[in-house]
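Peer 1: Below are the structure tokens for one structure; questions will follow.
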Amino acid sequence: MVLAVQDPSEGADPRQELRSRAEIDRSCQGPVTLFVASAVAWLLFGSLLAMAASIKLHSPGFLSHHAWLTFGRVRPAHLNTVIYGWAAMVGIAAMLWLQTRLSRVTLVFPRLLTAIAWLWNLAVAAGTVAILAGHGTGVEWIEFPVPVALALALLFGAVGLVSFYTFARRPPGHIYVTQWYLFGAILWFPYLYLMAQLMIHLGGATGVVQGSANWWFAHNVLGLFLTPIGVGAVYYLIPKVIGRPIHSYYLSLLGFWSLALFYNWAGTHHLVGGPLPAWLISVGIVGSVMMFIPVTAVAINHHLTMVGHFHMLRTSPTLRFVVFGGMSYTLVSFQGSLQALRGVNEISHFTHYTVAHAHLGVYAFYSMVMFGAVYYMLPRMTGREWSSARLIRIHFWGSALGIALYWGGLTWGGWLQGRMMNDAAIPFLDIVRFTIPFLWSRSFAGVLMTIGHVAFAVLVWRMLAGAREPARAPGPTLLGRPRGEREINPAEAQ
Amino acid sequence: MNRTALLYAGIIFTVIISSIGLVFIPEYQLFRLEPVEAADGNLYPQPRTEFEEAGRRVYIAMGCVYCHSQQVRPEHFGADIDRGWGTRRSVARDYLYDQPHQLGTMRTGPDLVNIGSRQSDDNWHYQHLYDPELTSPGSTMPKFPFLFEKRTLEPGREPPFNAIRMPPGVLAENEYLLPTTDAQQLVAYLKSMRHDYAVPEAQP
């Protein structure tokens, strides 16, 4: 059997296993923590850019006197730093670590990976400066100048080779479902990115076909790059934390292959009503609706795995973030399928509703899962525990309430904005004024999320800065007392 | 073929097929599109001049696309035509000379694909870009003051002919405003934007 329901490292002599797992984790320490730390730095920087862009939309006078801080640059700079800085780098970290764990071998080529991490940072920094200086390409999701994009594709290809090599060195055994998703991300992304460059910036496609190539690519960055890493991580982390295998082999299989088949085709739903051949748009709509299959399969599978263990959400930071992310995946995908329908799209297209939807995907799903993954990985790599349960709680609630408010405000406001826009009797400036309170709610939500990110950054900083000290807390940092454990009498504890 | 190779092959196959479907086939279908001859004997869409094309690069560098789309949706789908954003839906042929595309996905501001036929007054555009609230009170469009040069007037002199006419009170008594080359190119581009000619696919 190719696909295993159980993590292959499970089941051998337990003491033996623990030792080798610890060894594997330690081998990841250098490069993987560098990827995580860089990702967190980009997250903070991306949050700053997000706040600037958000405030500008309701208070256009804010920082409006320099070309490099104009909305039309700050906004793409935000997108590219959070996608190629935060999301990609934390994703690579998770990918590398998951691959070593699941292949039961230590990390290979650590120095090469460290070099890749630095070069990646350099490329994202160069691309971001280029956007702020006015040299962005003006094509959504591929704003980085071509040389930067080619460098990123190459570096990602190198990470992929390392991952394959790790996998090739593994002792014989099953391939766990997470690995399927990792291979997906590794093989899909370079093709997508290179093809998008070729078709859009290097003259491969004419006129509106660039639009199709644009959204084939941009939608798949989420669907075929971030989603597989995120879903793959959920498949690994939930069973690990609750100590129980994934519910169903067949659902895992169905979920993976239907995603591979349908997500690819969904991108053109970003062009409904646009000047493209009607069949092309219809294909995108069909692909989007078919996404009900993989999403339902994954949702059922994860839910049935979790059943009976929901009480652990109170205590385990990893589980709390990961389950929040997993549930958001279901929500965002169902919303996405509906949004592709012509009747819905007629209203939601061109409004803040879409912006809310995008953040539900990249933030409420992907980023939350990655937060959870970091909370699981780092202590094992550094041999230290998280320094403060309160900061973890601040992070969780800042992020969770922030994204809930973000999504709620812009979904509601965006929907009404779309309805008003489709009524020609309403003057455009009335709509502009109408959306302002909703845009304020987004800025407020952004503050909450940023507070969460700062708490997260402090935690990561403390853990890495202290990594050389031998200190190790007596047990994992939990958010509450696990069920069934006796309350510790403060007097007794002293 | 073993199972792992099958997995890789499946992954690669799915994405290649989708790029063929969503990118290569449409390209094959559309790359032969040509301009059409209109009743006035001209070919449409018309290629942009160097100057207008430079303006398009300013449009891209300023990120206008993040608030403005460039496409008119068909009748009975949205209210694009009723809002006066165009007289017919946009078709693929209209975009023959667009590199890179700026179709856009957001309408924080109105669609601009026919702004040339709606607003052909340079001075209006300059005022609007300098401070959108001058022409459109309540606008949330950013100001673009860096596209202009503020000059001081020597006592007793008149502002030059190309100074921008401003409502009173915006500038000091002895100041006048000139558009930079970037601003002139941008406005030339805006004025060139129109999808109002007849094409076989859609009539105005």
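Ordering of the structure tokens sets the chain letters (A, B, ...), residue numbers begin anew at 1 in every chain, and ligands are numbered from 1 in the order given.
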Tell me, as an MDAnalysis selection string, which residues lie within 6 Å of range 121-133 of chain B, counting only C-alpha atoms; anything in the same chain fewer than 4 positions away does not count.
Peer 2: chainID B and resid 137 139 143:145
Peer 1: For the residues in that selection, give me N, CA and C atoms as an mmCIF file, in the first residue's frame.
Peer 2:
```
data_model
loop_
_atom_site.group_PDB
_atom_site.id
_atom_site.type_symbol
_atom_site.label_atom_id
_atom_site.label_comp_id
_atom_site.auth_asym_id
_atom_site.auth_seq_id
_atom_site.Cartn_x
_atom_site.Cartn_y
_atom_site.Cartn_z
ATOM 1 N N PRO B 137 -15.834 65.534 -4.062
ATOM 2 C CA PRO B 137 -15.836 65.606 -2.597
ATOM 3 C C PRO B 137 -16.212 64.258 -1.979
ATOM 4 N N SER B 139 -14.187 61.684 -2.000
ATOM 5 C CA SER B 139 -13.417 60.615 -2.648
ATOM 6 C C SER B 139 -12.366 60.053 -1.697
ATOM 7 N N LYS B 143 -4.212 61.118 -3.082
ATOM 8 C CA LYS B 143 -3.649 62.270 -3.794
ATOM 9 C C LYS B 143 -2.352 61.808 -4.440
ATOM 10 N N PHE B 144 -2.019 62.451 -5.570
ATOM 11 C CA PHE B 144 -0.728 62.159 -6.187
ATOM 12 C C PHE B 144 0.071 63.449 -6.351
ATOM 13 N N PRO B 145 0.366 64.145 -5.235
ATOM 14 C CA PRO B 145 1.042 65.453 -5.345
ATOM 15 C C PRO B 145 2.427 65.333 -5.965
#
```
Peer 1: Name the residues of range 6-167 of chain B that come out as strand (DSSP E) in a backbone DSSP run; write them as a list in words.
Peer 2: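 The strand (DSSP E) residues within range 6-167 of chain B come out as Val36, Glu37, Leu43, Tyr44, Phe148, Glu149, Lys150, Arg151 and Thr152 of chain B.
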Peer 1: In Å to one decimal, how far is CA of Phe434 in chain A from CA of Ala79 in chain B?
Peer 2: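 Interatomic distance, CA of Ala79 in chain B to CA of Phe434 in chain A: 18.1 Å.
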Peer 1: Near chain B, which residues of chain A fall within 7 Å when you count only C-alpha atoms, and what do they look like as a PDB file with N, CA, C and O atoms, in the first residue's frame?
Peer 2:
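Okay, this is what ended up in result_15.pdb:
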```pdb
ATOM      1  N   VAL A   2       0.519   2.188  -0.812  1.00  0.00           N
ATOM      2  CA  VAL A   2       1.351   3.376  -0.920  1.00  0.00           C
ATOM      3  C   VAL A   2       1.057   4.341   0.210  1.00  0.00           C
ATOM      4  O   VAL A   2       1.927   4.932   0.814  1.00  0.00           O
ATOM      5  N   LEU A  57      -7.270  53.409   3.038  1.00  0.00           N
ATOM      6  CA  LEU A  57      -8.537  53.248   2.325  1.00  0.00           C
ATOM      7  C   LEU A  57      -9.678  54.028   2.974  1.00  0.00           C
ATOM      8  O   LEU A  57     -10.642  54.373   2.313  1.00  0.00           O
ATOM      9  N   HIS A  58      -9.599  54.273   4.295  1.00  0.00           N
ATOM     10  CA  HIS A  58     -10.648  55.145   4.852  1.00  0.00           C
ATOM     11  C   HIS A  58     -10.146  56.553   5.140  1.00  0.00           C
ATOM     12  O   HIS A  58     -10.925  57.476   5.262  1.00  0.00           O
ATOM     13  N   PRO A  60      -7.535  58.642   3.266  1.00  0.00           N
ATOM     14  CA  PRO A  60      -6.565  58.666   2.168  1.00  0.00           C
ATOM     15  C   PRO A  60      -5.419  59.651   2.383  1.00  0.00           C
ATOM     16  O   PRO A  60      -4.400  59.545   1.706  1.00  0.00           O
ATOM     17  N   SER A  64       0.472  60.169   2.504  1.00  0.00           N
ATOM     18  CA  SER A  64       0.154  60.221   1.072  1.00  0.00           C
ATOM     19  C   SER A  64       1.122  61.091   0.274  1.00  0.00           C
ATOM     20  O   SER A  64       0.901  61.338  -0.890  1.00  0.00           O
ATOM     21  N   HIS A  65       2.211  61.542   0.900  1.00  0.00           N
ATOM     22  CA  HIS A  65       3.016  62.531   0.190  1.00  0.00           C
ATOM     23  C   HIS A  65       4.230  61.976  -0.534  1.00  0.00           C
ATOM     24  O   HIS A  65       4.958  62.700  -1.179  1.00  0.00           O
ATOM     25  N   HIS A  66       4.460  60.682  -0.391  1.00  0.00           N
ATOM     26  CA  HIS A  66       5.603  60.107  -1.104  1.00  0.00           C
ATOM     27  C   HIS A  66       5.124  58.998  -2.026  1.00  0.00           C
ATOM     28  O   HIS A  66       4.321  58.170  -1.632  1.00  0.00           O
ATOM     29  N   ALA A  67       5.668  59.001  -3.226  1.00  0.00           N
ATOM     30  CA  ALA A  67       5.238  58.011  -4.205  1.00  0.00           C
ATOM     31  C   ALA A  67       5.426  56.593  -3.673  1.00  0.00           C
ATOM     32  O   ALA A  67       4.583  55.727  -3.883  1.00  0.00           O
ATOM     33  N   GLY A  72      -1.219  52.249  -4.023  1.00  0.00           N
ATOM     34  CA  GLY A  72      -0.982  51.316  -5.120  1.00  0.00           C
ATOM     35  C   GLY A  72       0.373  50.622  -5.062  1.00  0.00           C
ATOM     36  O   GLY A  72       0.655  49.734  -5.871  1.00  0.00           O
ATOM     37  N   ARG A  73       1.215  51.016  -4.113  1.00  0.00           N
ATOM     38  CA  ARG A  73       2.480  50.282  -3.924  1.00  0.00           C
ATOM     39  C   ARG A  73       2.486  49.547  -2.593  1.00  0.00           C
ATOM     40  O   ARG A  73       3.005  48.429  -2.505  1.00  0.00           O
ATOM     41  N   GLY A 134       8.323  51.566  -7.386  1.00  0.00           N
ATOM     42  CA  GLY A 134       7.561  51.747  -8.624  1.00  0.00           C
ATOM     43  C   GLY A 134       7.970  50.816  -9.744  1.00  0.00           C
ATOM     44  O   GLY A 134       7.568  50.991 -10.882  1.00  0.00           O
ATOM     45  N   HIS A 135       8.760  49.789  -9.431  1.00  0.00           N
ATOM     46  CA  HIS A 135       9.159  48.852 -10.478  1.00  0.00           C
ATOM     47  C   HIS A 135       8.430  47.522 -10.403  1.00  0.00           C
ATOM     48  O   HIS A 135       8.879  46.524 -10.961  1.00  0.00           O
ATOM     49  N   GLY A 136       7.334  47.496  -9.667  1.00  0.00           N
ATOM     50  CA  GLY A 136       6.506  46.291  -9.657  1.00  0.00           C
ATOM     51  C   GLY A 136       5.900  46.093 -11.036  1.00  0.00           C
ATOM     52  O   GLY A 136       5.811  47.031 -11.830  1.00  0.00           O
ATOM     53  N   GLY A 138       2.779  45.232 -11.741  1.00  0.00           N
ATOM     54  CA  GLY A 138       1.377  45.613 -11.863  1.00  0.00           C
ATOM     55  C   GLY A 138       0.453  44.455 -12.184  1.00  0.00           C
ATOM     56  O   GLY A 138      -0.703  44.672 -12.549  1.00  0.00           O
ATOM     57  N   GLY A 184       3.037  17.387  -3.900  1.00  0.00           N
ATOM     58  CA  GLY A 184       2.198  18.265  -4.713  1.00  0.00           C
ATOM     59  C   GLY A 184       2.763  19.674  -4.718  1.00  0.00           C
ATOM     60  O   GLY A 184       3.064  20.249  -5.769  1.00  0.00           O
ATOM     61  N   LEU A 187       6.171  20.036  -6.545  1.00  0.00           N
ATOM     62  CA  LEU A 187       6.178  19.921  -8.006  1.00  0.00           C
ATOM     63  C   LEU A 187       5.321  20.991  -8.660  1.00  0.00           C
ATOM     64  O   LEU A 187       5.613  21.444  -9.769  1.00  0.00           O
ATOM     65  N   TRP A 188       4.240  21.409  -7.991  1.00  0.00           N
ATOM     66  CA  TRP A 188       3.320  22.349  -8.624  1.00  0.00           C
ATOM     67  C   TRP A 188       3.871  23.763  -8.673  1.00  0.00           C
ATOM     68  O   TRP A 188       3.810  24.429  -9.687  1.00  0.00           O
ATOM     69  N   ILE A 200       3.094  35.791 -18.985  1.00  0.00           N
ATOM     70  CA  ILE A 200       2.656  37.168 -18.761  1.00  0.00           C
ATOM     71  C   ILE A 200       3.775  38.175 -18.999  1.00  0.00           C
ATOM     72  O   ILE A 200       3.599  39.149 -19.715  1.00  0.00           O
ATOM     73  N   HIS A 201       4.946  37.924 -18.426  1.00  0.00           N
ATOM     74  CA  HIS A 201       5.985  38.949 -18.514  1.00  0.00           C
ATOM     75  C   HIS A 201       6.928  38.739 -19.686  1.00  0.00           C
ATOM     76  O   HIS A 201       7.623  39.646 -20.094  1.00  0.00           O
ATOM     77  N   ALA A 205       1.718  35.163 -23.802  1.00  0.00           N
ATOM     78  CA  ALA A 205       0.277  35.255 -24.036  1.00  0.00           C
ATOM     79  C   ALA A 205      -0.105  36.673 -24.438  1.00  0.00           C
ATOM     80  O   ALA A 205       0.480  37.648 -23.975  1.00  0.00           O
ATOM     81  N   THR A 206      -1.118  36.778 -25.291  1.00  0.00           N
ATOM     82  CA  THR A 206      -1.550  38.090 -25.752  1.00  0.00           C
ATOM     83  C   THR A 206      -2.753  38.566 -24.943  1.00  0.00           C
ATOM     84  O   THR A 206      -3.576  37.761 -24.528  1.00  0.00           O
ATOM     85  N   GLY A 207      -2.846  39.875 -24.759  1.00  0.00           N
ATOM     86  CA  GLY A 207      -4.043  40.523 -24.230  1.00  0.00           C
ATOM     87  C   GLY A 207      -4.708  39.806 -23.081  1.00  0.00           C
ATOM     88  O   GLY A 207      -4.077  39.540 -22.056  1.00  0.00           O
ATOM     89  N   VAL A 208      -5.992  39.484 -23.255  1.00  0.00           N
ATOM     90  CA  VAL A 208      -6.764  38.946 -22.140  1.00  0.00           C
ATOM     91  C   VAL A 208      -6.297  37.559 -21.702  1.00  0.00           C
ATOM     92  O   VAL A 208      -6.605  37.142 -20.589  1.00  0.00           O
ATOM     93  N   VAL A 209      -5.579  36.843 -22.562  1.00  0.00           N
ATOM     94  CA  VAL A 209      -5.108  35.522 -22.143  1.00  0.00           C
ATOM     95  C   VAL A 209      -4.149  35.660 -20.963  1.00  0.00           C
ATOM     96  O   VAL A 209      -4.047  34.776 -20.112  1.00  0.00           O
ATOM     97  N   GLN A 210      -3.476  36.813 -20.905  1.00  0.00           N
ATOM     98  CA  GLN A 210      -2.653  37.069 -19.723  1.00  0.00           C
ATOM     99  C   GLN A 210      -3.501  37.065 -18.466  1.00  0.00           C
ATOM    100  O   GLN A 210      -3.055  36.652 -17.406  1.00  0.00           O
ATOM    101  N   GLY A 211      -4.730  37.570 -18.590  1.00  0.00           N
ATOM    102  CA  GLY A 211      -5.630  37.565 -17.431  1.00  0.00           C
ATOM    103  C   GLY A 211      -5.910  36.148 -16.986  1.00  0.00           C
ATOM    104  O   GLY A 211      -5.899  35.827 -15.792  1.00  0.00           O
ATOM    105  N   SER A 212      -6.151  35.278 -17.972  1.00  0.00           N
ATOM    106  CA  SER A 212      -6.409  33.884 -17.641  1.00  0.00           C
ATOM    107  C   SER A 212      -5.182  33.247 -16.991  1.00  0.00           C
ATOM    108  O   SER A 212      -5.266  32.565 -15.962  1.00  0.00           O
ATOM    109  N   ALA A 213      -3.991  33.514 -17.581  1.00  0.00           N
ATOM    110  CA  ALA A 213      -2.756  32.973 -17.009  1.00  0.00           C
ATOM    111  C   ALA A 213      -2.539  33.530 -15.602  1.00  0.00           C
ATOM    112  O   ALA A 213      -2.134  32.811 -14.680  1.00  0.00           O
ATOM    113  N   TRP A 216      -5.038  31.728 -13.294  1.00  0.00           N
ATOM    114  CA  TRP A 216      -4.641  30.321 -13.192  1.00  0.00           C
ATOM    115  C   TRP A 216      -3.507  30.234 -12.176  1.00  0.00           C
ATOM    116  O   TRP A 216      -3.517  29.415 -11.261  1.00  0.00           O
ATOM    117  N   ALA A 260      -6.208  17.688  -6.578  1.00  0.00           N
ATOM    118  CA  ALA A 260      -5.276  17.798  -7.699  1.00  0.00           C
ATOM    119  C   ALA A 260      -6.034  17.984  -9.015  1.00  0.00           C
ATOM    120  O   ALA A 260      -5.617  18.742  -9.886  1.00  0.00           O
ATOM    121  N   LEU A 261      -7.165  17.314  -9.127  1.00  0.00           N
ATOM    122  CA  LEU A 261      -7.914  17.380 -10.375  1.00  0.00           C
ATOM    123  C   LEU A 261      -8.667  18.691 -10.545  1.00  0.00           C
ATOM    124  O   LEU A 261      -8.729  19.244 -11.630  1.00  0.00           O
ATOM    125  N   ASN A 264      -6.806  23.065  -9.802  1.00  0.00           N
ATOM    126  CA  ASN A 264      -6.132  23.554 -10.991  1.00  0.00           C
ATOM    127  C   ASN A 264      -6.979  24.418 -11.914  1.00  0.00           C
ATOM    128  O   ASN A 264      -6.478  25.309 -12.574  1.00  0.00           O
ATOM    129  N   TRP A 265      -8.253  24.077 -11.999  1.00  0.00           N
ATOM    130  CA  TRP A 265      -9.110  24.663 -13.025  1.00  0.00           C
ATOM    131  C   TRP A 265      -9.936  25.834 -12.525  1.00  0.00           C
ATOM    132  O   TRP A 265     -10.660  26.459 -13.279  1.00  0.00           O
ATOM    133  N   GLY A 273     -17.708  37.426 -16.098  1.00  0.00           N
ATOM    134  CA  GLY A 273     -18.221  38.671 -16.672  1.00  0.00           C
ATOM    135  C   GLY A 273     -17.169  39.411 -17.478  1.00  0.00           C
ATOM    136  O   GLY A 273     -17.457  40.419 -18.100  1.00  0.00           O
ATOM    137  N   GLY A 274     -15.953  38.907 -17.476  1.00  0.00           N
ATOM    138  CA  GLY A 274     -14.859  39.598 -18.162  1.00  0.00           C
ATOM    139  C   GLY A 274     -14.800  39.262 -19.636  1.00  0.00           C
ATOM    140  O   GLY A 274     -15.518  38.388 -20.122  1.00  0.00           O
ATOM    141  N   PRO A 275     -13.894  39.948 -20.356  1.00  0.00           N
ATOM    142  CA  PRO A 275     -13.844  39.834 -21.810  1.00  0.00           C
ATOM    143  C   PRO A 275     -13.104  38.590 -22.289  1.00  0.00           C
ATOM    144  O   PRO A 275     -12.221  38.680 -23.127  1.00  0.00           O
ATOM    145  N   LEU A 276     -13.427  37.439 -21.731  1.00  0.00           N
ATOM    146  CA  LEU A 276     -12.779  36.202 -22.144  1.00  0.00           C
ATOM    147  C   LEU A 276     -13.806  35.246 -22.712  1.00  0.00           C
ATOM    148  O   LEU A 276     -15.001  35.401 -22.465  1.00  0.00           O
ATOM    149  N   LEU A 280     -14.244  29.475 -21.106  1.00  0.00           N
ATOM    150  CA  LEU A 280     -13.112  29.533 -20.194  1.00  0.00           C
ATOM    151  C   LEU A 280     -13.597  29.859 -18.772  1.00  0.00           C
ATOM    152  O   LEU A 280     -13.130  29.287 -17.785  1.00  0.00           O
ATOM    153  N   GLU A 346     -21.790  38.079  -9.568  1.00  0.00           N
ATOM    154  CA  GLU A 346     -22.267  39.345 -10.125  1.00  0.00           C
ATOM    155  C   GLU A 346     -22.238  40.435  -9.048  1.00  0.00           C
ATOM    156  O   GLU A 346     -21.983  41.606  -9.318  1.00  0.00           O
ATOM    157  N   PHE A 350     -15.333  42.433  -7.657  1.00  0.00           N
ATOM    158  CA  PHE A 350     -14.894  43.834  -7.610  1.00  0.00           C
ATOM    159  C   PHE A 350     -15.167  44.517  -6.280  1.00  0.00           C
ATOM    160  O   PHE A 350     -15.181  45.737  -6.213  1.00  0.00           O
ATOM    161  N   THR A 351     -15.477  43.761  -5.227  1.00  0.00           N
ATOM    162  CA  THR A 351     -15.779  44.405  -3.943  1.00  0.00           C
ATOM    163  C   THR A 351     -14.859  43.876  -2.845  1.00  0.00           C
ATOM    164  O   THR A 351     -14.079  42.950  -3.049  1.00  0.00           O
ATOM    165  N   ASN A 422     -24.462  47.547  -8.297  1.00  0.00           N
ATOM    166  CA  ASN A 422     -25.285  47.013  -9.376  1.00  0.00           C
ATOM    167  C   ASN A 422     -26.608  47.764  -9.529  1.00  0.00           C
ATOM    168  O   ASN A 422     -27.452  47.367 -10.317  1.00  0.00           O
ATOM    169  N   ASP A 423     -26.777  48.814  -8.755  1.00  0.00           N
ATOM    170  CA  ASP A 423     -27.963  49.651  -8.890  1.00  0.00           C
ATOM    171  C   ASP A 423     -27.490  51.016  -9.383  1.00  0.00           C
ATOM    172  O   ASP A 423     -26.966  51.821  -8.620  1.00  0.00           O
ATOM    173  N   ALA A 424     -27.666  51.246 -10.687  1.00  0.00           N
ATOM    174  CA  ALA A 424     -27.090  52.442 -11.302  1.00  0.00           C
ATOM    175  C   ALA A 424     -27.686  53.729 -10.738  1.00  0.00           C
ATOM    176  O   ALA A 424     -27.141  54.817 -10.951  1.00  0.00           O
ATOM    177  N   LEU A 429     -20.144  57.927  -5.479  1.00  0.00           N
ATOM    178  CA  LEU A 429     -19.543  58.475  -4.262  1.00  0.00           C
ATOM    179  C   LEU A 429     -20.331  58.103  -3.006  1.00  0.00           C
ATOM    180  O   LEU A 429     -19.769  58.028  -1.917  1.00  0.00           O
ATOM    181  N   VAL A 432     -18.850  54.896  -2.033  1.00  0.00           N
ATOM    182  CA  VAL A 432     -17.544  55.135  -1.416  1.00  0.00           C
ATOM    183  C   VAL A 432     -17.749  55.498   0.052  1.00  0.00           C
ATOM    184  O   VAL A 432     -17.118  54.922   0.954  1.00  0.00           O
ATOM    185  N   ARG A 433     -18.667  56.419   0.317  1.00  0.00           N
ATOM    186  CA  ARG A 433     -18.900  56.836   1.706  1.00  0.00           C
ATOM    187  C   ARG A 433     -19.468  55.687   2.533  1.00  0.00           C
ATOM    188  O   ARG A 433     -19.092  55.490   3.672  1.00  0.00           O
TER     189      ARG A 433
END
```
Peer 1: Just the residues within 12 Å of Phe161 in chain B, please, counting only C-alpha atoms, with nothing from its chain fewer than 5 positions along; format it as a list in words.
Peer 2: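 Contacts, in chain order: Tyr176, Leu177, Leu178 and Pro179 of chain B.
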Peer 1: Fewer than 2 positions away in the same chain doesn't count, so skip those; otherwise give me all residues within 12 Å of Ala188 in chain B, counting only C-alpha atoms, as a PyMOL selection string.
Peer 2: chain B and resi 48-59+115-116+119-123+125-126+179+181-186+190-193
Peer 1: To one decimal place, how far is CA of Glu385 in chain A from CA of Phe456 in chain A in Å?
Peer 2: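 One can read the CA of Glu385 in chain A to CA of Phe456 in chain A distance as 13.7 Å.
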Peer 1: Could you state the separation of CA of Trp86 in chain A and CA of Trp42 in chain A in Å, given to one decimal place?
Peer 2: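 CA of Trp42 in chain A lies 5.2 Å from CA of Trp86 in chain A.
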Peer 1: Ser441 in chain A: which residues within 8 Å, counting only C-alpha atoms, same-chain residues fewer than 5 positions away excluded, as number ranges by chain?
Peer 2: A: 405-406, 409
